[in-house]
Number of protein chains: 2
Amino acid sequence: MPGVRHAVILAGGSGTRLWPASRRARPKQLLPLGPGGETLLEAAIRRGRAVAGSRVVVVTAEAQAPATRQVVPGVELIAEPLARNTAAALGLAAALLAERDRQAVLAVLPADQHIADEPGLTRILETALAAVDRDDVIGTIGITPTRAETGFGYLEVDDATPGVVTPVRRFVEKPDRATAEAYLARGTYLWNAGMFCVSARRLLAELDVHLPATARAVRDIAAGRTAAADVYPALAAISIDHAVMERAERVVTVPAAVGWDDVGSWAALPALRGVDADGNTITGQAVIVGGSGNIAISDDGTVIAMVGVSDLVVVKSGDAILVLPKTEAQDVRKIVDALSARGLARYL
Amino acid sequence: MPGVRHAVILAGGSGTRLWPASRRARPKQLLPLGPGGETLLEAAIRRGRAVAGSRVVVVTAEAQAPATRQVVPGVELIAEPLARNTAAALGLAAALLAERDRQAVLAVLPADQHIADEPGLTRILETALAAVDRDDVIGTIGITPTRAETGFGYLEVDDATPGVVTPVRRFVEKPDRATAEAYLARGTYLWNAGMFCVSARRLLAELDVHLPATARAVRDIAAGRTAAADVYPALAAISIDHAVMERAERVVTVPAAVGWDDVGSWAALPALRGVDADGNTITGQAVIVGGSGNIAISDDGTVIAMVGVSDLVVVKSGDAILVLPKTEAQDVRKIVDALSARGLARYL
């Protein structure tokens with residue numbers, strides 16, 4: 001029996017991986033990084049509407065709720081009192097939606113991703129949702145790898161044919177370089193994109209088994225028996241992957257080649273915004289002479305002038321400037337640590 | 001007979017080589033680049049006072065006079081209505097000082113230089129001034145080269161012993177790399193630092209011969225027979241080297257090993273400001289992780305955060321950010337050209 005579909009957009013990240021544009025008070029899903037200045041959150045909501053119509057909820061932290069409402073007024077928010085990773089966030093969403101709608105089926109979509117082929121993704125989600133309706137599976141989306149990426153977890157399968165539902169043999173953690181290359185060569189490993197479909201009922205049942213305290217808490221909140229602020233601090237901060245996916249039965253995936261990428265660092269920006277004739281990606285005022293593969297972002301009219309450098313990331317936002325090689329874009333974390341260590345957390 | 005010494009500080013440069021800190025309205029000699037925030041102009045005035053006491057004049061452009069007065073209140077200024085290179089600037093200074101003092105001897109000191117050994121320079125200037133008093137020579141200062149520099153002109157001599165007056169065989173233009181290396185190996189080539197001593201009377205006499213229109217104009221201005229603004233536009237824009245030095249008789253030099261460098265690009269900054277334990281030179285708020293040999297300058301509290309880059313120049317000043325390799329610091333000129341070409345001259 002077909003469930004009633006709800007898209008659940010996970011927008012809780014307080015990530016500093018896009019510092020200095022992203023700050024504690026302005027997470028990356030609220031940045032106008034996409035074409036025409038679209039935020040990642042708006043793009044995720046559009047993808048949710050393609051399978052769930054108007055039934056879209058955004059899960060975010062209370063601290064980010066005002067800024068989130070500004071970006072997507074009129075979209076329903078579930079505001080957590082504090083961040084407790086995805087098991088709690090999705091447990092809460094499932095419990096609230098199950099109260100409203102016993103047949104609720106969730107399409108879970110992280111807000112910090114880019115997808116080039118949105119119609120393709122819609123077809124993949126429809127396939128996963130049909131499998132949920134038919135077999136009560138947990139239906140993940142497994143992205144066909146396009147490079148030997150060490151920054152993502154993987155799903156191992158027997159058959160990675162795009163669009164064809166297949167059982168997940170196992171979830172594997174972020175690999176080292178050699179392992180990632182082996183995965184890519186093998187062709188039976190897919191990126192775990194954090195997107196999946198599941199009935200609210202089944203998700204709650206899995207939490208009952210694998211994370212019972214969280215299950216009780218979110219059911220109590222949804223039923224109005226307790227306040228989220230009272231129980232959230234004690235909840236385990238654990239991902240839905242670790243808490244449920246890796247332990248559950250009947251987990252399938254739909255392999256997808258849809259131009260997916262997470263926007264986990266500045267290096268992802270050329271995929272979102274394209275490159276100019278010199279191979280540079282420029283947002284805002286910048287002049288680049290004799291260099292290529294650079295990313296230059298200025299969000300306040302300050303001009304960035306670069307000469308004779310390539311594959312460099314330069315971001316000016318507010319009171320900070322970031323400069324690092326594109327290949328080491330993940331290392332913005334080191335800057336965040338260094339600023340904290342030197343008493344300069346005001347820049348975070 | 002000893003003349004009456006006057007130090008003439010040439011501070012007319014509207015250079016953009018230290019863009020974006022230097023702008024059209026704020027030339028580099030007015031930037032607080034030195035230790036303790038000293039400007040290059042203040043340092044040059046101190047060097048002038050060491051040989052001329054209070055008789056120091058600064059030659060600058062009218063457009064820069066207000067900013068110059070702010071930095072060095074109480075120092076006499078000669079303000080040219082517009083820049084016509086050093087022959088006109090020094091001709092005007094010589095004519096004005098000769099009117100006041102027929103025995104005037106000028107110690108000409110460019111304002112955009114750094115000298116580590118100032119007492120050493122004072123001794124060298126005293127030697128040159130003594131030669132002027134004794135033999136009415138033009139007494140240049142020839143800097144002992146410390147590298148095969150292609151950015152300076154050279155003086156060829158027979159004997160480059162520091163501190164010993166020697167005739168200049170010839171002035172040579174900026175050499176190519178191979179020639180510069182040959183000069184360094186030869187040991188009889190000195191950098192032309194633009195510093196020299198000469199009597200006002202002789203300088204004017206040389207201009208009478210080699211640049212008569214300029215000579216007439218500056219004499220007329222000094223005598224009050226004409227206004228500078230009326231005659232300056234028609235003056236030849238030519239350097240004193242090309243106009244006089246290369247053609248004059250009795251030109252000597254005093255070889256000097258005094259830790260001299262011009263501040264012709266950001267690459268000169270480590271010599272002025274020193275380097276930290278990681279080999280980086282930082283002015284203002286900056287955090288550098290895992291890199292060395294960088295120059296990071298922020299003059300307004302904006303934090304510059306750099307990860308995993310080396311030998312890079314990053315300057316934030318006002319509404320602009322410059323990023324370029326230290327080895328190509330001269331290429332800031334390309335940015336200036338590019339900004340002009342794209343209608344972004346407001347950033348200059």
# chains A, B, ... in the order shown; residues from 1 in each chain; ligands from 1

call {"tool": "interface_residues", "arguments": {"of": "chain B", "to": "chain A", "cutoff": "8 Å", "atoms": "only C-alpha atoms", "output": "number ranges by chain"}}
result
B: 287-289, 301-309, 319-325, 328, 331-332, 334-335, 338-339, 347

call {"tool": "atom_distance", "arguments": {"atom1": "CA of Ala88 (chain A)", "atom2": "CA of Ile143 (chain A)"}}
result
24.5 Å

call {"tool": "atom_distance", "arguments": {"atom1": "CA of Gln113 (chain B)", "atom2": "CA of Arg201 (chain B)"}}
result
26.6 Å

call {"tool": "residues_around", "arguments": {"residues": "Asp208 (chain A)", "least_positions_apart": "5", "cutoff": "12 Å", "atoms": "only C-alpha atoms", "output": "PyMOL selection string"}}
result
chain A and resi 87+91+95+201-203+213-219+243-244+248

call {"tool": "residues_around", "arguments": {"residues": "Leu40 (chain B)", "least_positions_apart": "3", "cutoff": "12 Å", "atoms": "only C-alpha atoms", "output": "PyMOL selection string"}}
result
chain B and resi 9-11+13+27-37+43-47+68+71-72+109-115+261-264+269+272

call {"tool": "write_last_selection", "arguments": {"atoms": "N, CA and C atoms", "output": "compact mmCIF listing (two decimals), in the first residue's frame"}}
result
# COMPACT_ATOMS: atom_id res chain seq x y z
N ILE B 9 64.58 65.04 -0.39
CA ILE B 9 63.93 63.73 -0.38
C ILE B 9 62.97 63.66 -1.55
N LEU B 10 63.18 62.73 -2.44
CA LEU B 10 62.30 62.55 -3.58
C LEU B 10 61.14 61.66 -3.18
N ALA B 11 59.96 62.27 -3.08
CA ALA B 11 58.79 61.52 -2.61
C ALA B 11 57.63 61.72 -3.57
N GLY B 13 56.72 59.56 -6.04
CA GLY B 13 56.21 58.34 -6.67
C GLY B 13 54.73 58.14 -6.41
N PRO B 27 50.55 57.10 -1.87
CA PRO B 27 51.73 56.42 -2.43
C PRO B 27 52.50 55.67 -1.35
N LYS B 28 53.37 54.79 -1.81
CA LYS B 28 53.97 53.84 -0.88
C LYS B 28 54.84 54.50 0.19
N GLN B 29 55.44 55.67 -0.14
CA GLN B 29 56.31 56.28 0.88
C GLN B 29 55.52 56.77 2.09
N LEU B 30 54.19 56.82 1.96
CA LEU B 30 53.36 57.25 3.10
C LEU B 30 52.77 56.06 3.85
N LEU B 31 53.12 54.86 3.46
CA LEU B 31 52.58 53.68 4.15
C LEU B 31 53.42 53.34 5.37
N PRO B 32 52.80 52.92 6.44
CA PRO B 32 53.53 52.59 7.67
C PRO B 32 54.12 51.19 7.59
N LEU B 33 55.06 51.00 6.69
CA LEU B 33 55.58 49.65 6.43
C LEU B 33 56.74 49.28 7.34
N GLY B 34 57.41 50.28 7.91
CA GLY B 34 58.63 49.99 8.66
C GLY B 34 58.36 49.52 10.07
N PRO B 35 59.43 49.21 10.80
CA PRO B 35 59.29 48.79 12.20
C PRO B 35 58.55 49.86 12.99
N GLY B 36 57.62 49.43 13.81
CA GLY B 36 56.86 50.37 14.61
C GLY B 36 55.93 51.23 13.78
N GLY B 37 55.68 50.82 12.54
CA GLY B 37 54.76 51.57 11.71
C GLY B 37 55.36 52.82 11.10
N ALA B 43 61.65 57.55 7.42
CA ALA B 43 63.00 56.97 7.49
C ALA B 43 63.96 57.74 6.60
N ALA B 44 63.50 58.13 5.41
CA ALA B 44 64.36 58.87 4.49
C ALA B 44 64.72 60.24 5.07
N ILE B 45 63.76 60.88 5.72
CA ILE B 45 64.02 62.18 6.34
C ILE B 45 65.07 62.03 7.46
N ARG B 46 64.95 60.96 8.23
CA ARG B 46 65.95 60.72 9.28
C ARG B 46 67.35 60.58 8.68
N ARG B 47 67.45 59.88 7.57
CA ARG B 47 68.75 59.72 6.92
C ARG B 47 69.27 61.06 6.37
N THR B 68 51.05 64.00 2.57
CA THR B 68 52.45 64.04 2.99
C THR B 68 52.61 64.92 4.23
N VAL B 71 51.74 63.16 7.38
CA VAL B 71 52.71 62.17 7.87
C VAL B 71 53.94 62.86 8.46
N VAL B 72 54.39 63.96 7.82
CA VAL B 72 55.59 64.65 8.30
C VAL B 72 55.32 66.14 8.47
N LEU B 109 67.96 61.92 -1.79
CA LEU B 109 67.62 60.61 -1.21
C LEU B 109 66.19 60.22 -1.62
N PRO B 110 66.02 59.19 -2.42
CA PRO B 110 64.66 58.72 -2.72
C PRO B 110 63.97 58.22 -1.45
N ALA B 111 62.66 58.41 -1.42
CA ALA B 111 61.92 58.09 -0.20
C ALA B 111 61.47 56.64 -0.11
N ASP B 112 61.62 55.89 -1.21
CA ASP B 112 61.03 54.55 -1.20
C ASP B 112 62.09 53.46 -1.06
N GLN B 113 63.00 53.68 -0.10
CA GLN B 113 64.09 52.73 0.07
C GLN B 113 64.22 52.31 1.52
N HIS B 114 64.87 51.17 1.70
CA HIS B 114 65.15 50.68 3.04
C HIS B 114 66.65 50.53 3.19
N ILE B 115 67.18 50.98 4.30
CA ILE B 115 68.62 50.85 4.56
C ILE B 115 68.82 50.30 5.96
N ASP B 261 68.02 48.36 0.17
CA ASP B 261 67.14 47.76 -0.83
C ASP B 261 66.07 48.77 -1.17
N ASP B 262 65.63 48.70 -2.40
CA ASP B 262 64.49 49.55 -2.70
C ASP B 262 63.25 48.79 -2.27
N VAL B 263 62.20 49.53 -2.02
CA VAL B 263 60.96 48.88 -1.63
C VAL B 263 60.06 48.95 -2.86
N GLY B 264 60.49 48.20 -3.85
CA GLY B 264 59.85 48.30 -5.16
C GLY B 264 58.71 47.33 -5.31
N LEU B 269 59.27 43.36 1.67
CA LEU B 269 58.76 43.57 3.02
C LEU B 269 59.47 42.76 4.10
N LEU B 272 62.23 44.66 5.57
CA LEU B 272 61.81 45.76 6.44
C LEU B 272 61.29 45.27 7.78

call {"tool": "residues_around", "arguments": {"residues": "region 194-197 of chain B", "least_positions_apart": "4", "cutoff": "8 Å", "atoms": "only C-alpha atoms", "output": "ChimeraX atom specification"}}
result
/B:105-110,125,128-129,132,138-141

call {"tool": "write_last_selection", "arguments": {"atoms": "N, CA, C and O atoms", "output": "compact mmCIF listing (two decimals), in the first residue's frame"}}
result
# COMPACT_ATOMS: atom_id res chain seq x y z
N VAL B 105 74.55 72.51 -1.32
CA VAL B 105 74.94 71.19 -1.83
C VAL B 105 73.81 70.24 -1.47
O VAL B 105 73.35 70.22 -0.33
N LEU B 106 73.38 69.48 -2.46
CA LEU B 106 72.23 68.61 -2.25
C LEU B 106 72.66 67.16 -1.99
O LEU B 106 73.53 66.64 -2.69
N ALA B 107 72.04 66.57 -0.98
CA ALA B 107 72.13 65.11 -0.82
C ALA B 107 70.75 64.58 -1.21
O ALA B 107 69.77 64.82 -0.51
N VAL B 108 70.69 63.93 -2.35
CA VAL B 108 69.41 63.48 -2.92
C VAL B 108 69.12 62.07 -2.44
O VAL B 108 69.92 61.15 -2.64
N LEU B 109 67.96 61.92 -1.79
CA LEU B 109 67.62 60.61 -1.21
C LEU B 109 66.19 60.22 -1.62
O LEU B 109 65.24 60.88 -1.20
N PRO B 110 66.02 59.19 -2.42
CA PRO B 110 64.66 58.72 -2.72
C PRO B 110 63.97 58.22 -1.45
O PRO B 110 64.62 57.67 -0.55
N LEU B 125 77.66 58.88 2.76
CA LEU B 125 77.21 60.19 2.27
C LEU B 125 78.23 61.27 2.61
O LEU B 125 78.49 62.17 1.80
N ALA B 128 80.90 61.12 0.10
CA ALA B 128 80.47 61.69 -1.19
C ALA B 128 80.40 63.21 -1.11
O ALA B 128 80.83 63.92 -2.04
N LEU B 129 79.88 63.72 0.02
CA LEU B 129 79.76 65.18 0.18
C LEU B 129 81.13 65.84 0.23
O LEU B 129 81.33 66.94 -0.31
N VAL B 132 82.31 66.18 -3.23
CA VAL B 132 81.64 67.30 -3.89
C VAL B 132 82.31 68.62 -3.50
O VAL B 132 82.63 69.46 -4.35
N ILE B 138 79.87 65.08 -9.27
CA ILE B 138 78.58 64.51 -8.92
C ILE B 138 78.92 63.19 -8.22
O ILE B 138 79.57 62.31 -8.81
N GLY B 139 78.51 63.10 -6.97
CA GLY B 139 78.94 61.95 -6.15
C GLY B 139 77.79 60.99 -5.90
O GLY B 139 77.00 61.20 -4.98
N THR B 140 77.73 59.96 -6.70
CA THR B 140 76.63 59.00 -6.52
C THR B 140 76.99 57.98 -5.45
O THR B 140 78.15 57.83 -5.07
N ILE B 141 75.96 57.28 -4.98
CA ILE B 141 76.16 56.16 -4.06
C ILE B 141 75.93 54.89 -4.85
O ILE B 141 74.86 54.72 -5.46

call {"tool": "residues_around", "arguments": {"residues": "Thr166 (chain A)", "least_positions_apart": "2", "cutoff": "10 Å", "atoms": "only C-alpha atoms", "output": "mmCIF file with N, CA, C and O atoms, in the first residue's frame"}}
result
data_model
loop_
_atom_site.group_PDB
_atom_site.id
_atom_site.type_symbol
_atom_site.label_atom_id
_atom_site.label_comp_id
_atom_site.auth_asym_id
_atom_site.auth_seq_id
_atom_site.Cartn_x
_atom_site.Cartn_y
_atom_site.Cartn_z
ATOM 1 N N GLY A 139 15.394 2.221 1.778
ATOM 2 C CA GLY A 139 15.886 2.375 0.410
ATOM 3 C C GLY A 139 16.845 3.530 0.278
ATOM 4 O O GLY A 139 16.435 4.689 0.158
ATOM 5 N N THR A 140 18.118 3.223 0.322
ATOM 6 C CA THR A 140 19.114 4.299 0.224
ATOM 7 C C THR A 140 19.381 4.629 -1.236
ATOM 8 O O THR A 140 19.050 3.868 -2.144
ATOM 9 N N GLY A 142 22.494 5.191 -3.694
ATOM 10 C CA GLY A 142 23.941 4.957 -3.767
ATOM 11 C C GLY A 142 24.505 5.616 -5.006
ATOM 12 O O GLY A 142 24.120 5.302 -6.125
ATOM 13 N N VAL A 157 27.769 -3.305 -2.932
ATOM 14 C CA VAL A 157 26.639 -4.032 -3.536
ATOM 15 C C VAL A 157 27.195 -5.110 -4.468
ATOM 16 O O VAL A 157 28.399 -5.154 -4.743
ATOM 17 N N ASP A 158 26.297 -5.995 -4.946
ATOM 18 C CA ASP A 158 26.717 -6.994 -5.929
ATOM 19 C C ASP A 158 26.610 -6.444 -7.345
ATOM 20 O O ASP A 158 27.411 -6.762 -8.212
ATOM 21 N N ASP A 159 25.599 -5.590 -7.536
ATOM 22 C CA ASP A 159 25.313 -5.101 -8.884
ATOM 23 C C ASP A 159 25.021 -3.611 -8.779
ATOM 24 O O ASP A 159 24.046 -3.212 -8.140
ATOM 25 N N ALA A 160 25.857 -2.810 -9.414
ATOM 26 C CA ALA A 160 25.730 -1.361 -9.258
ATOM 27 C C ALA A 160 25.063 -0.704 -10.461
ATOM 28 O O ALA A 160 25.293 0.469 -10.743
ATOM 29 N N THR A 161 24.236 -1.443 -11.168
ATOM 30 C CA THR A 161 23.558 -0.877 -12.337
ATOM 31 C C THR A 161 22.653 0.290 -11.911
ATOM 32 O O THR A 161 21.759 0.106 -11.071
ATOM 33 N N PRO A 162 22.870 1.479 -12.469
ATOM 34 C CA PRO A 162 22.048 2.628 -12.069
ATOM 35 C C PRO A 162 20.561 2.373 -12.275
ATOM 36 O O PRO A 162 20.140 1.801 -13.281
ATOM 37 N N GLY A 163 19.793 2.782 -11.275
ATOM 38 C CA GLY A 163 18.341 2.712 -11.375
ATOM 39 C C GLY A 163 17.741 1.379 -10.974
ATOM 40 O O GLY A 163 16.511 1.242 -10.912
ATOM 41 N N VAL A 164 18.575 0.389 -10.681
ATOM 42 C CA VAL A 164 18.064 -0.942 -10.362
ATOM 43 C C VAL A 164 18.265 -1.228 -8.873
ATOM 44 O O VAL A 164 19.399 -1.218 -8.377
ATOM 45 N N VAL A 168 22.022 -3.857 -0.127
ATOM 46 C CA VAL A 168 23.305 -3.358 0.373
ATOM 47 C C VAL A 168 23.992 -4.495 1.111
ATOM 48 O O VAL A 168 23.425 -5.073 2.043
ATOM 49 N N ARG A 169 25.187 -4.887 0.665
ATOM 50 C CA ARG A 169 25.943 -5.931 1.370
ATOM 51 C C ARG A 169 26.486 -5.393 2.686
ATOM 52 O O ARG A 169 26.429 -6.045 3.709
ATOM 53 N N VAL A 251 17.963 -3.594 3.872
ATOM 54 C CA VAL A 251 18.420 -2.286 3.393
ATOM 55 C C VAL A 251 18.838 -2.456 1.932
ATOM 56 O O VAL A 251 19.680 -3.301 1.619
ATOM 57 N N VAL A 252 18.243 -1.694 1.074
ATOM 58 C CA VAL A 252 18.584 -1.765 -0.347
ATOM 59 C C VAL A 252 19.116 -0.406 -0.789
ATOM 60 O O VAL A 252 19.056 0.578 -0.045
ATOM 61 N N THR A 253 19.628 -0.403 -2.000
ATOM 62 C CA THR A 253 20.034 0.888 -2.556
ATOM 63 C C THR A 253 19.627 0.951 -4.018
ATOM 64 O O THR A 253 19.467 -0.085 -4.674
ATOM 65 N N VAL A 254 19.480 2.182 -4.495
ATOM 66 C CA VAL A 254 19.263 2.403 -5.922
ATOM 67 C C VAL A 254 20.492 3.151 -6.434
ATOM 68 O O VAL A 254 20.697 4.322 -6.094
ATOM 69 N N PRO A 255 21.334 2.467 -7.197
ATOM 70 C CA PRO A 255 22.507 3.157 -7.724
ATOM 71 C C PRO A 255 22.091 4.314 -8.622
ATOM 72 O O PRO A 255 21.153 4.189 -9.413
#

call {"tool": "decode", "arguments": {"residues": "region 80-102 of chain B", "atoms": "N, CA, C and O atoms", "output": "PDB file, in the first residue's frame"}}
result
ATOM      1  N   GLU B  80      55.263  69.840  -6.627  1.00  0.00           N
ATOM      2  CA  GLU B  80      55.166  70.027  -8.073  1.00  0.00           C
ATOM      3  C   GLU B  80      53.705  69.961  -8.499  1.00  0.00           C
ATOM      4  O   GLU B  80      52.949  69.140  -7.980  1.00  0.00           O
ATOM      5  N   PRO B  81      53.308  70.796  -9.466  1.00  0.00           N
ATOM      6  CA  PRO B  81      51.900  70.750  -9.899  1.00  0.00           C
ATOM      7  C   PRO B  81      51.561  69.407 -10.532  1.00  0.00           C
ATOM      8  O   PRO B  81      50.430  68.954 -10.454  1.00  0.00           O
ATOM      9  N   LEU B  82      52.524  68.796 -11.175  1.00  0.00           N
ATOM     10  CA  LEU B  82      52.325  67.439 -11.677  1.00  0.00           C
ATOM     11  C   LEU B  82      53.679  66.777 -11.818  1.00  0.00           C
ATOM     12  O   LEU B  82      54.714  67.442 -11.794  1.00  0.00           O
ATOM     13  N   ALA B  83      53.683  65.483 -11.954  1.00  0.00           N
ATOM     14  CA  ALA B  83      54.934  64.728 -11.942  1.00  0.00           C
ATOM     15  C   ALA B  83      55.587  64.788 -13.311  1.00  0.00           C
ATOM     16  O   ALA B  83      54.939  64.528 -14.329  1.00  0.00           O
ATOM     17  N   ARG B  84      56.845  65.170 -13.363  1.00  0.00           N
ATOM     18  CA  ARG B  84      57.602  65.212 -14.617  1.00  0.00           C
ATOM     19  C   ARG B  84      58.956  64.518 -14.447  1.00  0.00           C
ATOM     20  O   ARG B  84      59.950  64.937 -15.025  1.00  0.00           O
ATOM     21  N   ASN B  85      58.942  63.448 -13.641  1.00  0.00           N
ATOM     22  CA  ASN B  85      60.131  62.619 -13.410  1.00  0.00           C
ATOM     23  C   ASN B  85      61.212  63.417 -12.661  1.00  0.00           C
ATOM     24  O   ASN B  85      61.008  64.556 -12.276  1.00  0.00           O
ATOM     25  N   THR B  86      62.375  62.793 -12.450  1.00  0.00           N
ATOM     26  CA  THR B  86      63.325  63.338 -11.479  1.00  0.00           C
ATOM     27  C   THR B  86      64.151  64.508 -11.996  1.00  0.00           C
ATOM     28  O   THR B  86      64.636  65.315 -11.189  1.00  0.00           O
ATOM     29  N   ALA B  87      64.331  64.639 -13.300  1.00  0.00           N
ATOM     30  CA  ALA B  87      65.110  65.790 -13.791  1.00  0.00           C
ATOM     31  C   ALA B  87      64.408  67.097 -13.418  1.00  0.00           C
ATOM     32  O   ALA B  87      65.037  68.027 -12.891  1.00  0.00           O
ATOM     33  N   ALA B  88      63.105  67.158 -13.665  1.00  0.00           N
ATOM     34  CA  ALA B  88      62.356  68.368 -13.318  1.00  0.00           C
ATOM     35  C   ALA B  88      62.288  68.551 -11.802  1.00  0.00           C
ATOM     36  O   ALA B  88      62.499  69.659 -11.292  1.00  0.00           O
ATOM     37  N   ALA B  89      62.015  67.465 -11.080  1.00  0.00           N
ATOM     38  CA  ALA B  89      61.880  67.570  -9.622  1.00  0.00           C
ATOM     39  C   ALA B  89      63.165  68.088  -8.994  1.00  0.00           C
ATOM     40  O   ALA B  89      63.146  68.988  -8.139  1.00  0.00           O
ATOM     41  N   LEU B  90      64.305  67.528  -9.414  1.00  0.00           N
ATOM     42  CA  LEU B  90      65.575  67.946  -8.819  1.00  0.00           C
ATOM     43  C   LEU B  90      66.018  69.299  -9.352  1.00  0.00           C
ATOM     44  O   LEU B  90      66.650  70.083  -8.626  1.00  0.00           O
ATOM     45  N   GLY B  91      65.682  69.590 -10.605  1.00  0.00           N
ATOM     46  CA  GLY B  91      65.969  70.925 -11.126  1.00  0.00           C
ATOM     47  C   GLY B  91      65.246  71.983 -10.307  1.00  0.00           C
ATOM     48  O   GLY B  91      65.835  72.990  -9.900  1.00  0.00           O
ATOM     49  N   LEU B  92      63.968  71.731 -10.021  1.00  0.00           N
ATOM     50  CA  LEU B  92      63.191  72.696  -9.238  1.00  0.00           C
ATOM     51  C   LEU B  92      63.771  72.836  -7.829  1.00  0.00           C
ATOM     52  O   LEU B  92      63.947  73.959  -7.321  1.00  0.00           O
ATOM     53  N   ALA B  93      64.099  71.710  -7.202  1.00  0.00           N
ATOM     54  CA  ALA B  93      64.675  71.776  -5.852  1.00  0.00           C
ATOM     55  C   ALA B  93      66.001  72.533  -5.873  1.00  0.00           C
ATOM     56  O   ALA B  93      66.263  73.391  -5.017  1.00  0.00           O
ATOM     57  N   ALA B  94      66.838  72.247  -6.868  1.00  0.00           N
ATOM     58  CA  ALA B  94      68.151  72.908  -6.946  1.00  0.00           C
ATOM     59  C   ALA B  94      67.982  74.411  -7.153  1.00  0.00           C
ATOM     60  O   ALA B  94      68.674  75.227  -6.524  1.00  0.00           O
ATOM     61  N   ALA B  95      67.043  74.785  -8.027  1.00  0.00           N
ATOM     62  CA  ALA B  95      66.838  76.208  -8.301  1.00  0.00           C
ATOM     63  C   ALA B  95      66.324  76.937  -7.066  1.00  0.00           C
ATOM     64  O   ALA B  95      66.795  78.029  -6.723  1.00  0.00           O
ATOM     65  N   LEU B  96      65.357  76.325  -6.382  1.00  0.00           N
ATOM     66  CA  LEU B  96      64.800  76.957  -5.180  1.00  0.00           C
ATOM     67  C   LEU B  96      65.851  77.073  -4.088  1.00  0.00           C
ATOM     68  O   LEU B  96      65.980  78.111  -3.424  1.00  0.00           O
ATOM     69  N   LEU B  97      66.634  76.025  -3.882  1.00  0.00           N
ATOM     70  CA  LEU B  97      67.640  76.058  -2.817  1.00  0.00           C
ATOM     71  C   LEU B  97      68.788  76.991  -3.193  1.00  0.00           C
ATOM     72  O   LEU B  97      69.363  77.661  -2.321  1.00  0.00           O
ATOM     73  N   ALA B  98      69.128  77.085  -4.482  1.00  0.00           N
ATOM     74  CA  ALA B  98      70.212  77.983  -4.917  1.00  0.00           C
ATOM     75  C   ALA B  98      69.823  79.447  -4.721  1.00  0.00           C
ATOM     76  O   ALA B  98      70.669  80.289  -4.394  1.00  0.00           O
ATOM     77  N   GLU B  99      68.529  79.734  -4.917  1.00  0.00           N
ATOM     78  CA  GLU B  99      68.044  81.092  -4.646  1.00  0.00           C
ATOM     79  C   GLU B  99      68.274  81.464  -3.194  1.00  0.00           C
ATOM     80  O   GLU B  99      68.647  82.586  -2.865  1.00  0.00           O
ATOM     81  N   ARG B 100      68.045  80.478  -2.334  1.00  0.00           N
ATOM     82  CA  ARG B 100      68.103  80.726  -0.899  1.00  0.00           C
ATOM     83  C   ARG B 100      69.539  80.721  -0.402  1.00  0.00           C
ATOM     84  O   ARG B 100      69.898  81.400   0.561  1.00  0.00           O
ATOM     85  N   ASP B 101      70.385  79.959  -1.079  1.00  0.00           N
ATOM     86  CA  ASP B 101      71.686  79.621  -0.519  1.00  0.00           C
ATOM     87  C   ASP B 101      72.608  79.268  -1.687  1.00  0.00           C
ATOM     88  O   ASP B 101      72.585  78.156  -2.194  1.00  0.00           O
ATOM     89  N   ARG B 102      73.441  80.197  -2.095  1.00  0.00           N
ATOM     90  CA  ARG B 102      74.264  79.972  -3.299  1.00  0.00           C
ATOM     91  C   ARG B 102      75.241  78.835  -3.130  1.00  0.00           C
ATOM     92  O   ARG B 102      75.728  78.280  -4.111  1.00  0.00           O
TER      93      ARG B 102
END
